[in-house]
Amino acid sequence: MFTEKAYRFCGPDGLWESRQRGHFTNGTGFTQFMNCYSREAWEYYVRYISNKTSQEKEMMREMIATSRTLEIVGLCISLVTTVVSLVIFCYFRSLRCHRTRIHKNLFVAMIVQIAMRIIMYVDQLVAKETGQVHGASSGDSNTIYDTPVVCEVLYSLLEYTKTVKFMWMFIEGVYLHKMIAVSVFSGKPNYVIFYIMGWDIGIISTTLSLAVTIDDTCRCRYYEYYTISGSYNRRHMS
């Protein structure tokens, strides 16, 4: 248990075992993800999922699907409003100042992050609707998760923009503190330092994070997170 490796059983005739034990099929078979759960997620599954009736599990699936749909809608609204805000800051000269310059860098990081999340969630929905979630580890689902290079780029960029977003929030706090507490009539801020802090530090932290978390067993940790905390692989609820 908790080996962090999903697995499938192959029968003596070279066929994959289906969800029903002892029944083998020439399809993609059934992939068991339970070992990928953390101890906390497993305890949560046993307490709240495994003892539910079929009707209760169906209601939970609908709640999960509705929550994810609402999240996608909210992200789309956030993306549109953030893009509009960035356009306003860039278009109107009267709004151009040091503070809005910091804002624009923050908005760019937010836009990329939101866009990556939308792509990730839509990809999961498409995979689920086409019945390919169970085949994600077989290499034939035609989704982003099953495309190694695209997968790593997407989730690496997501991690990077998360760090960049918080760094630019920190930079804005430093700038406001300098303006209010240090010197009311301070001069032009050193944007070279700001850009290094905002965009370069994220590269270092993201690289270290990827070196620790990305391996051959689970190429996309966000997909694993969605499987555990979002849908519990759905097959265990049916």
# chains A, B, ... in the order shown; residues from 1 in each chain; ligands from 1
$ residues_around --residues "stretch 78-93 of chain A" --least-positions-apart "5" --cutoff "12 Å" --atoms "only C-alpha atoms" --output "VMD selection string"
chain A and resid 71 to 73 98 to 118
$ select_by_dssp --residues "stretch 40-223 of chain A" --states "helix (DSSP H, G or I)" --output "PyMOL selection string"
chain A and resi 40-48+54-91+93-95+98-129+133-138+144-146+148-182+191-213+221-223
$ closest_residue --among "A:Asn190, A:Ser67, A:Gln55, A:Ser156" --to "A:Ile171" --atoms "only C-alpha atoms"
A:Asn190
$ atom_distance --atom1 "atom CA of A:Leu210" --atom2 "atom CA of A:Val126"
25.9 Å
$ atom_distance --atom1 "atom CA of A:Ser54" --atom2 "atom CA of A:Lys5"
27.6 Å
$ residues_around --residues "A:Phe194" --least-positions-apart "3" --cutoff "10 Å" --atoms "only C-alpha atoms" --output "PyMOL selection string"
chain A and resi 102+167-168+171-172+174-175+189-191+197-200
$ residues_around --residues "A:Tyr7" --least-positions-apart "4" --cutoff "8 Å" --atoms "only C-alpha atoms" --output "MDAnalysis selection string"
chainID A and resid 31:33
$ write_last_selection --atoms "N, CA, C and O atoms" --output "PDB file, in the first residue's frame"
ATOM      1  N   THR A  31      -7.146   0.025 -14.496  1.00  0.00           N
ATOM      2  CA  THR A  31      -5.945   0.500 -13.815  1.00  0.00           C
ATOM      3  C   THR A  31      -6.272   0.821 -12.369  1.00  0.00           C
ATOM      4  O   THR A  31      -7.190   1.593 -12.103  1.00  0.00           O
ATOM      5  N   GLN A  32      -5.537   0.238 -11.455  1.00  0.00           N
ATOM      6  CA  GLN A  32      -5.749   0.442 -10.018  1.00  0.00           C
ATOM      7  C   GLN A  32      -4.843   1.580  -9.525  1.00  0.00           C
ATOM      8  O   GLN A  32      -3.622   1.486  -9.582  1.00  0.00           O
ATOM      9  N   PHE A  33      -5.483   2.651  -9.039  1.00  0.00           N
ATOM     10  CA  PHE A  33      -4.753   3.822  -8.577  1.00  0.00           C
ATOM     11  C   PHE A  33      -4.714   3.932  -7.050  1.00  0.00           C
ATOM     12  O   PHE A  33      -4.211   4.916  -6.517  1.00  0.00           O
TER      13      PHE A  33
END
$ atom_distance --atom1 "atom CA of A:Glu40" --atom2 "atom CA of A:Trp16"
29.8 Å
